[in-house]
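Raw contents of target04.pdb, PDB, C-alpha atoms (C1' of nucleotides):
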```pdb
MODEL        1
ATOM      1  CA  MET A   1       0.000   0.000   0.000  1.00  0.00           C
ATOM      2  CA  ILE A   2       1.368   3.381  -0.938  1.00  0.00           C
ATOM      3  CA  LYS A   3       1.773   5.872   1.889  1.00  0.00           C
ATOM      4  CA  SER A   4       1.821   3.218   4.593  1.00  0.00           C
ATOM      5  CA  TYR A   5       4.069   3.897   7.555  1.00  0.00           C
ATOM      6  CA  ASP A   6       6.418   1.363   6.075  1.00  0.00           C
ATOM      7  CA  PHE A   7       6.483   3.127   2.732  1.00  0.00           C
ATOM      8  CA  ILE A   8       7.312   6.464   4.353  1.00  0.00           C
ATOM      9  CA  TYR A   9      10.052   4.786   6.348  1.00  0.00           C
ATOM     10  CA  ARG A  10      11.682   3.317   3.259  1.00  0.00           C
ATOM     11  CA  ARG A  11      11.489   6.622   1.425  1.00  0.00           C
ATOM     12  CA  LEU A  12      13.156   8.484   4.287  1.00  0.00           C
ATOM     13  CA  LEU A  13      15.825   5.824   4.710  1.00  0.00           C
ATOM     14  CA  GLU A  14      16.623   5.954   1.019  1.00  0.00           C
ATOM     15  CA  TYR A  15      16.918   9.739   1.089  1.00  0.00           C
ATOM     16  CA  TYR A  16      18.651  10.425   4.406  1.00  0.00           C
ATOM     17  CA  GLY A  17      20.493   7.120   4.868  1.00  0.00           C
ATOM     18  CA  PRO A  18      20.930   5.266   8.177  1.00  0.00           C
ATOM     19  CA  GLN A  19      21.207   7.744  11.062  1.00  0.00           C
ATOM     20  CA  GLY A  20      23.026   5.537  13.550  1.00  0.00           C
ATOM     21  CA  TRP A  21      21.508   6.963  16.702  1.00  0.00           C
ATOM     22  CA  TRP A  22      22.697   6.000  20.138  1.00  0.00           C
ATOM     23  CA  PRO A  23      23.985   2.496  19.771  1.00  0.00           C
ATOM     24  CA  ALA A  24      27.474   3.738  20.634  1.00  0.00           C
ATOM     25  CA  ASP A  25      28.777   4.929  24.005  1.00  0.00           C
ATOM     26  CA  SER A  26      27.074   3.752  27.161  1.00  0.00           C
ATOM     27  CA  ASP A  27      23.404   3.272  28.005  1.00  0.00           C
ATOM     28  CA  PHE A  28      23.883   5.544  30.964  1.00  0.00           C
ATOM     29  CA  LYS A  29      25.206   8.373  28.815  1.00  0.00           C
ATOM     30  CA  MET A  30      22.289   7.845  26.469  1.00  0.00           C
ATOM     31  CA  MET A  31      19.765   8.163  29.286  1.00  0.00           C
ATOM     32  CA  ILE A  32      21.358  11.307  30.683  1.00  0.00           C
ATOM     33  CA  GLY A  33      21.497  12.677  27.141  1.00  0.00           C
ATOM     34  CA  SER A  34      17.779  12.107  26.736  1.00  0.00           C
ATOM     35  CA  ILE A  35      17.129  14.496  29.613  1.00  0.00           C
ATOM     36  CA  LEU A  36      19.685  17.047  28.497  1.00  0.00           C
ATOM     37  CA  VAL A  37      18.274  17.245  24.984  1.00  0.00           C
ATOM     38  CA  GLN A  38      14.744  18.134  26.106  1.00  0.00           C
ATOM     39  CA  ASN A  39      13.614  21.139  24.079  1.00  0.00           C
ATOM     40  CA  THR A  40      17.220  21.867  23.189  1.00  0.00           C
ATOM     41  CA  ASN A  41      19.255  21.188  20.095  1.00  0.00           C
ATOM     42  CA  TRP A  42      21.585  18.226  20.217  1.00  0.00           C
ATOM     43  CA  LYS A  43      24.706  20.382  19.816  1.00  0.00           C
ATOM     44  CA  ASN A  44      24.029  22.064  23.139  1.00  0.00           C
ATOM     45  CA  ALA A  45      23.154  18.783  24.812  1.00  0.00           C
ATOM     46  CA  GLU A  46      26.476  17.441  23.534  1.00  0.00           C
ATOM     47  CA  LYS A  47      28.369  20.323  25.101  1.00  0.00           C
ATOM     48  CA  ALA A  48      26.749  19.506  28.422  1.00  0.00           C
ATOM     49  CA  LEU A  49      27.648  15.833  28.017  1.00  0.00           C
ATOM     50  CA  GLU A  50      31.220  16.808  27.227  1.00  0.00           C
ATOM     51  CA  ASN A  51      31.342  18.769  30.489  1.00  0.00           C
ATOM     52  CA  LEU A  52      30.111  15.664  32.258  1.00  0.00           C
ATOM     53  CA  LYS A  53      32.714  13.363  30.753  1.00  0.00           C
ATOM     54  CA  HIS A  54      34.433  12.663  34.084  1.00  0.00           C
ATOM     55  CA  TYR A  55      31.121  11.900  35.757  1.00  0.00           C
ATOM     56  CA  LEU A  56      29.471   9.546  33.295  1.00  0.00           C
ATOM     57  CA  GLN A  57      28.943   6.729  35.730  1.00  0.00           C
ATOM     58  CA  PRO A  58      25.828   6.739  37.898  1.00  0.00           C
ATOM     59  CA  GLU A  59      27.642   6.344  41.228  1.00  0.00           C
ATOM     60  CA  VAL A  60      30.017   9.169  40.367  1.00  0.00           C
ATOM     61  CA  MET A  61      27.352  11.496  39.035  1.00  0.00           C
ATOM     62  CA  HIS A  62      25.188  10.975  42.062  1.00  0.00           C
ATOM     63  CA  GLN A  63      28.009  12.283  44.239  1.00  0.00           C
ATOM     64  CA  LEU A  64      27.858  15.639  42.470  1.00  0.00           C
ATOM     65  CA  ALA A  65      26.048  18.394  44.320  1.00  0.00           C
ATOM     66  CA  GLU A  66      23.011  19.550  42.397  1.00  0.00           C
ATOM     67  CA  GLU A  67      24.466  23.075  42.032  1.00  0.00           C
ATOM     68  CA  LYS A  68      27.701  21.718  40.587  1.00  0.00           C
ATOM     69  CA  LEU A  69      25.763  19.488  38.241  1.00  0.00           C
ATOM     70  CA  ALA A  70      23.624  22.432  37.139  1.00  0.00           C
ATOM     71  CA  HIS A  71      26.730  24.475  36.412  1.00  0.00           C
ATOM     72  CA  LEU A  72      28.255  21.710  34.290  1.00  0.00           C
ATOM     73  CA  ILE A  73      25.168  21.233  32.155  1.00  0.00           C
ATOM     74  CA  ARG A  74      24.609  24.940  31.616  1.00  0.00           C
ATOM     75  CA  PRO A  75      25.029  24.797  27.816  1.00  0.00           C
ATOM     76  CA  SER A  76      21.965  22.577  27.456  1.00  0.00           C
ATOM     77  CA  GLY A  77      19.620  25.252  28.818  1.00  0.00           C
ATOM     78  CA  TYR A  78      17.068  24.821  31.635  1.00  0.00           C
ATOM     79  CA  TYR A  79      20.081  23.759  33.655  1.00  0.00           C
ATOM     80  CA  ASN A  80      18.511  24.096  37.115  1.00  0.00           C
ATOM     81  CA  MET A  81      15.478  22.076  36.096  1.00  0.00           C
ATOM     82  CA  LYS A  82      17.558  19.500  34.277  1.00  0.00           C
ATOM     83  CA  ALA A  83      19.919  19.050  37.234  1.00  0.00           C
ATOM     84  CA  LYS A  84      16.871  18.335  39.366  1.00  0.00           C
ATOM     85  CA  LYS A  85      15.599  15.896  36.759  1.00  0.00           C
ATOM     86  CA  ILE A  86      18.911  14.057  36.528  1.00  0.00           C
ATOM     87  CA  LYS A  87      19.019  13.757  40.299  1.00  0.00           C
ATOM     88  CA  ALA A  88      15.492  12.367  40.344  1.00  0.00           C
ATOM     89  CA  PHE A  89      16.468   9.859  37.679  1.00  0.00           C
ATOM     90  CA  LEU A  90      19.533   8.795  39.655  1.00  0.00           C
ATOM     91  CA  TYR A  91      17.500   8.309  42.831  1.00  0.00           C
ATOM     92  CA  TRP A  92      15.198   6.017  40.900  1.00  0.00           C
ATOM     93  CA  TYR A  93      18.049   4.192  39.150  1.00  0.00           C
ATOM     94  CA  LYS A  94      19.803   3.563  42.448  1.00  0.00           C
ATOM     95  CA  LYS A  95      16.906   1.338  43.527  1.00  0.00           C
ATOM     96  CA  TYR A  96      18.088  -1.056  40.843  1.00  0.00           C
ATOM     97  CA  ASP A  97      21.689  -0.788  41.878  1.00  0.00           C
ATOM     98  CA  TYR A  98      22.260   1.289  38.723  1.00  0.00           C
ATOM     99  CA  ARG A  99      21.957  -1.889  36.691  1.00  0.00           C
ATOM    100  CA  LEU A 100      20.071  -1.669  33.453  1.00  0.00           C
ATOM    101  CA  SER A 101      20.167  -5.456  33.221  1.00  0.00           C
ATOM    102  CA  LEU A 102      17.769  -5.598  36.162  1.00  0.00           C
ATOM    103  CA  LEU A 103      15.265  -3.501  34.223  1.00  0.00           C
ATOM    104  CA  LYS A 104      15.642  -4.510  30.604  1.00  0.00           C
ATOM    105  CA  PHE A 105      13.929  -7.859  30.856  1.00  0.00           C
ATOM    106  CA  ARG A 106      10.732  -6.366  32.231  1.00  0.00           C
ATOM    107  CA  GLU A 107       7.599  -5.710  30.224  1.00  0.00           C
ATOM    108  CA  LYS A 108       7.704  -2.416  28.328  1.00  0.00           C
ATOM    109  CA  ASN A 109       4.395  -0.927  29.467  1.00  0.00           C
ATOM    110  CA  GLU A 110       5.290  -1.649  33.039  1.00  0.00           C
ATOM    111  CA  LEU A 111       8.656   0.034  32.540  1.00  0.00           C
ATOM    112  CA  ARG A 112       7.035   3.024  30.828  1.00  0.00           C
ATOM    113  CA  LYS A 113       4.727   3.540  33.805  1.00  0.00           C
ATOM    114  CA  GLU A 114       7.674   3.483  36.129  1.00  0.00           C
ATOM    115  CA  LEU A 115       9.714   5.885  34.019  1.00  0.00           C
ATOM    116  CA  LEU A 116       6.774   8.297  33.780  1.00  0.00           C
ATOM    117  CA  ASN A 117       6.669   8.427  37.559  1.00  0.00           C
ATOM    118  CA  ILE A 118      10.140   9.940  37.674  1.00  0.00           C
ATOM    119  CA  TYR A 119      10.191  13.727  37.918  1.00  0.00           C
ATOM    120  CA  GLY A 120      11.300  15.193  34.601  1.00  0.00           C
ATOM    121  CA  ILE A 121      10.545  12.159  32.474  1.00  0.00           C
ATOM    122  CA  GLY A 122       7.522  12.624  30.255  1.00  0.00           C
ATOM    123  CA  ASN A 123       6.128  10.658  27.330  1.00  0.00           C
ATOM    124  CA  GLU A 124       8.936  11.313  24.903  1.00  0.00           C
ATOM    125  CA  THR A 125      11.855  10.854  27.232  1.00  0.00           C
ATOM    126  CA  ALA A 126      10.327   7.691  28.685  1.00  0.00           C
ATOM    127  CA  ASP A 127       9.917   6.201  25.229  1.00  0.00           C
ATOM    128  CA  VAL A 128      13.347   7.314  24.076  1.00  0.00           C
ATOM    129  CA  ILE A 129      14.860   5.507  27.054  1.00  0.00           C
ATOM    130  CA  LEU A 130      12.679   2.457  26.423  1.00  0.00           C
ATOM    131  CA  LEU A 131      13.760   2.366  22.808  1.00  0.00           C
ATOM    132  CA  TYR A 132      17.418   3.357  22.830  1.00  0.00           C
ATOM    133  CA  ALA A 133      18.589   2.063  26.221  1.00  0.00           C
ATOM    134  CA  MET A 134      16.209  -0.781  26.996  1.00  0.00           C
ATOM    135  CA  GLU A 135      15.842  -1.836  23.367  1.00  0.00           C
ATOM    136  CA  LYS A 136      12.062  -2.104  23.417  1.00  0.00           C
ATOM    137  CA  PRO A 137      10.133  -1.717  20.138  1.00  0.00           C
ATOM    138  CA  VAL A 138       8.461   1.647  20.750  1.00  0.00           C
ATOM    139  CA  PHE A 139       7.407   4.389  18.360  1.00  0.00           C
ATOM    140  CA  ILE A 140       8.378   7.874  19.536  1.00  0.00           C
ATOM    141  CA  ALA A 141       5.211   9.848  18.853  1.00  0.00           C
ATOM    142  CA  ASP A 142       6.846  13.249  19.198  1.00  0.00           C
ATOM    143  CA  ASN A 143       6.004  16.576  17.609  1.00  0.00           C
ATOM    144  CA  TYR A 144       8.158  15.896  14.563  1.00  0.00           C
ATOM    145  CA  ALA A 145       6.269  12.688  13.836  1.00  0.00           C
ATOM    146  CA  ARG A 146       2.982  14.431  14.472  1.00  0.00           C
ATOM    147  CA  ARG A 147       3.769  17.342  12.179  1.00  0.00           C
ATOM    148  CA  ILE A 148       5.127  15.153   9.392  1.00  0.00           C
ATOM    149  CA  PHE A 149       2.285  12.640   9.321  1.00  0.00           C
ATOM    150  CA  ARG A 150      -0.358  15.300   9.650  1.00  0.00           C
ATOM    151  CA  ARG A 151       1.031  17.157   6.667  1.00  0.00           C
ATOM    152  CA  LEU A 152       1.214  13.925   4.708  1.00  0.00           C
ATOM    153  CA  GLY A 153      -2.521  13.607   5.260  1.00  0.00           C
ATOM    154  CA  TYR A 154      -2.770  11.056   8.057  1.00  0.00           C
ATOM    155  CA  ASN A 155      -5.527  11.404  10.608  1.00  0.00           C
ATOM    156  CA  VAL A 156      -3.247  11.787  13.622  1.00  0.00           C
ATOM    157  CA  PRO A 157      -4.959  11.232  17.002  1.00  0.00           C
ATOM    158  CA  HIS A 158      -4.586  13.962  19.622  1.00  0.00           C
ATOM    159  CA  GLY A 159      -3.234  11.955  22.534  1.00  0.00           C
ATOM    160  CA  TYR A 160       0.400  10.891  22.642  1.00  0.00           C
ATOM    161  CA  ASP A 161      -0.320   7.229  23.399  1.00  0.00           C
ATOM    162  CA  ARG A 162      -3.109   7.004  20.838  1.00  0.00           C
ATOM    163  CA  PHE A 163      -0.787   8.190  18.117  1.00  0.00           C
ATOM    164  CA  ARG A 164       2.038   5.937  19.299  1.00  0.00           C
ATOM    165  CA  GLU A 165      -0.177   2.858  19.392  1.00  0.00           C
ATOM    166  CA  MET A 166      -1.608   3.597  15.985  1.00  0.00           C
ATOM    167  CA  VAL A 167       1.817   3.592  14.367  1.00  0.00           C
ATOM    168  CA  GLU A 168       3.005   0.615  16.412  1.00  0.00           C
ATOM    169  CA  ARG A 169       0.074  -1.484  15.256  1.00  0.00           C
ATOM    170  CA  ALA A 170       0.996  -0.782  11.633  1.00  0.00           C
ATOM    171  CA  LEU A 171       4.633  -1.855  11.866  1.00  0.00           C
ATOM    172  CA  PRO A 172       6.514  -5.048  12.779  1.00  0.00           C
ATOM    173  CA  GLU A 173       7.748  -5.099  16.384  1.00  0.00           C
ATOM    174  CA  GLU A 174      11.404  -4.592  15.584  1.00  0.00           C
ATOM    175  CA  THR A 175      13.474  -2.380  17.829  1.00  0.00           C
ATOM    176  CA  SER A 176      15.930  -1.554  15.042  1.00  0.00           C
ATOM    177  CA  LEU A 177      13.073  -0.339  12.851  1.00  0.00           C
ATOM    178  CA  PHE A 178      11.708   2.043  15.501  1.00  0.00           C
ATOM    179  CA  ASN A 179      15.209   3.170  16.343  1.00  0.00           C
ATOM    180  CA  GLU A 180      15.887   4.186  12.762  1.00  0.00           C
ATOM    181  CA  TYR A 181      12.391   5.534  12.111  1.00  0.00           C
ATOM    182  CA  HIS A 182      12.546   8.063  14.929  1.00  0.00           C
ATOM    183  CA  ALA A 183      15.983   9.243  13.850  1.00  0.00           C
ATOM    184  CA  LEU A 184      14.793   9.605  10.245  1.00  0.00           C
ATOM    185  CA  LEU A 185      11.709  11.583  11.267  1.00  0.00           C
ATOM    186  CA  VAL A 186      13.901  13.948  13.264  1.00  0.00           C
ATOM    187  CA  ALA A 187      16.230  14.322  10.290  1.00  0.00           C
ATOM    188  CA  HIS A 188      13.269  15.032   8.028  1.00  0.00           C
ATOM    189  CA  GLY A 189      11.729  17.445  10.524  1.00  0.00           C
ATOM    190  CA  LYS A 190      14.947  19.412  10.685  1.00  0.00           C
ATOM    191  CA  THR A 191      15.751  19.380   6.977  1.00  0.00           C
ATOM    192  CA  HIS A 192      12.518  19.699   5.020  1.00  0.00           C
ATOM    193  CA  CYS A 193       9.425  19.329   7.172  1.00  0.00           C
ATOM    194  CA  LYS A 194      10.311  22.178   9.532  1.00  0.00           C
ATOM    195  CA  ALA A 195       7.811  24.441  11.259  1.00  0.00           C
ATOM    196  CA  ALA A 196       8.275  26.604   8.183  1.00  0.00           C
ATOM    197  CA  PRO A 197       8.504  23.789   5.641  1.00  0.00           C
ATOM    198  CA  ILE A 198      10.993  23.594   2.797  1.00  0.00           C
ATOM    199  CA  CYS A 199       9.160  21.477   0.285  1.00  0.00           C
ATOM    200  CA  GLU A 200      11.627  21.916  -2.538  1.00  0.00           C
ATOM    201  CA  GLY A 201      13.528  18.660  -2.861  1.00  0.00           C
ATOM    202  CA  CYS A 202      11.420  16.898  -0.227  1.00  0.00           C
ATOM    203  CA  PRO A 203      11.626  13.109  -0.621  1.00  0.00           C
ATOM    204  CA  LEU A 204       7.904  12.783   0.211  1.00  0.00           C
ATOM    205  CA  LEU A 205       6.587  15.576  -1.985  1.00  0.00           C
ATOM    206  CA  ASP A 206       4.717  13.281  -4.371  1.00  0.00           C
ATOM    207  CA  VAL A 207       2.736  11.635  -1.561  1.00  0.00           C
ATOM    208  CA  CYS A 208       2.161  14.727   0.579  1.00  0.00           C
ATOM    209  CA  GLU A 209      -1.168  16.513   0.797  1.00  0.00           C
ATOM    210  CA  GLN A 210       0.248  19.673   2.290  1.00  0.00           C
ATOM    211  CA  ARG A 211       2.407  21.397  -0.266  1.00  0.00           C
ATOM    212  CA  PHE A 212       3.631  24.871   0.434  1.00  0.00           C
TER
ATOM    213  C1'  DG B   1      14.667  37.535  16.697  1.00  0.00           C
ATOM    214  C1'  DT B   2      13.601  32.377  16.226  1.00  0.00           C
ATOM    215  C1'  DC B   3      14.168  27.658  17.060  1.00  0.00           C
ATOM    216  C1'  DC B   4      15.660  23.600  19.413  1.00  0.00           C
ATOM    217  C1'  DT B   5      14.808  15.382  19.624  1.00  0.00           C
ATOM    218  C1'  DG B   6       9.781  18.646  26.660  1.00  0.00           C
ATOM    219  C1'  DT B   7       8.009  18.689  31.162  1.00  0.00           C
ATOM    220  C1'  DC B   8       5.893  20.457  35.213  1.00  0.00           C
ATOM    221  C1'  DC B   9       2.521  23.055  37.509  1.00  0.00           C
ATOM    222  C1'  DA B  10      -1.418  26.189  38.415  1.00  0.00           C
TER
ATOM    223  C1'  DT C   1      -4.531  25.378  28.448  1.00  0.00           C
ATOM    224  C1'  DG C   2      -0.687  28.836  29.400  1.00  0.00           C
ATOM    225  C1'  DG C   3       3.521  30.149  31.603  1.00  0.00           C
ATOM    226  C1'  DA C   4       8.085  28.973  33.341  1.00  0.00           C
ATOM    227  C1'  DC C   5      12.371  27.017  32.605  1.00  0.00           C
ATOM    228  C1'  DC C   6      17.279  28.723  29.588  1.00  0.00           C
ATOM    229  C1'  DG C   7      21.667  28.759  26.667  1.00  0.00           C
ATOM    230  C1'  DG C   8      23.565  28.633  22.136  1.00  0.00           C
ATOM    231  C1'  DA C   9      23.309  28.303  16.997  1.00  0.00           C
ATOM    232  C1'  DC C  10      21.648  30.453  12.969  1.00  0.00           C
TER
ENDMDL
END
```

Would you mind writing the file's structure down as structure tokens?
Amino acid sequence: MIKSYDFIYRRLLEYYGPQGWWPADSDFKMMIGSILVQNTNWKNAEKALENLKHYLQPEVMHQLAEEKLAHLIRPSGYYNMKAKKIKAFLYWYKKYDYRLSLLKFREKNELRKELLNIYGIGNETADVILLYAMEKPVFIADNYARRIFRRLGYNVPHGYDRFREMVERALPEETSLFNEYHALLVAHGKTHCKAAPICEGCPLLDVCEQRF
DNA sequence: GTCCTGTCCA
DNA sequence: TGGACCGGAC
């Protein structure tokens, strides 16, 4: 079927190529990065991560005073809030002895509920952690995805989980697929399908209902 | 000046 | 639902 979620995926992959998001480095760094990047561009989140390079182990980072932590992550913006969020995450993670292996085997909806209970972790960050650290097949139903599919002509549900479940039902449950799909949608949302869209040269132009 | 891989709280 | 949080790149 033309314009299926799978078709869009293949088009984007062909055009942008594999994005290679977050398999490298450590799971811990990935999870901290997911908080730092909230409503911030990745370049600034990266600067903050670079400042944290001597503290990228949970036990070590938890020793940092919140004020010191806030100072180090300054480049990522919202640094006071994000320091608080990282601390909250570490308090939660400590219950599991900072061992992702104790969490990974658990059921994804159960894990999502638990992540959402942590201060500073909302729908997107919870799912990003589920997908990129815990390797669960989850569709990140973020604003990029919403904007792109709506413009393409999909009837996108209002609620985050409704939208996520709709896409998940339409695709095979493969973590690598969701991993790449999210990265491709972000790439597309930053390159062509921006808030102010650049439709010239868009790889989806022929199947898009919203042409500017 | 605008935008950025959001979330919390009233 | 709207405001607060916030620096850096363009």

Select from chain B every residue with an atom at most 7 Å from any atom of chain A, then for each give the shortest pair of atoms and their distance in Å to one decimal, using all atoms listed in the file, rows by chain and rising number, as a tab-separated table.
```
residue	atom	partner	partner_atom	distance
B:DC4	C1'	A:Asn41	CA	4.4
B:DT5	C1'	A:Val186	CA	6.6
B:DG6	C1'	A:Gln38	CA	5.0
B:DT7	C1'	A:Gly120	CA	5.9
```

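When the PyMOL selection byres ((chain A) within 8 of (chain C)) is evaluated against the file, it yields Asn44, Arg74, Pro75, Ser76, Gly77, Tyr78, Tyr79 and Met81 of chain A.
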
So what do you get for atom CA of Lys84 of chain A versus atom CA of Lys53 of chain A, distance-wise?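 A separation of 18.7 Å between them.
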
Could you state the separation of atom CA of Lys47 of chain A and atom CA of Asn117 of chain A in Å, given to one decimal place?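 That distance, rounded to one decimal, is 27.7 Å.
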
What gap, in Å, lies between atom CA of Ala83 of chain A and atom CA of Glu66 of chain A?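 Atom-to-atom, atom CA of Ala83 of chain A to atom CA of Glu66 of chain A, that is 6.0 Å.
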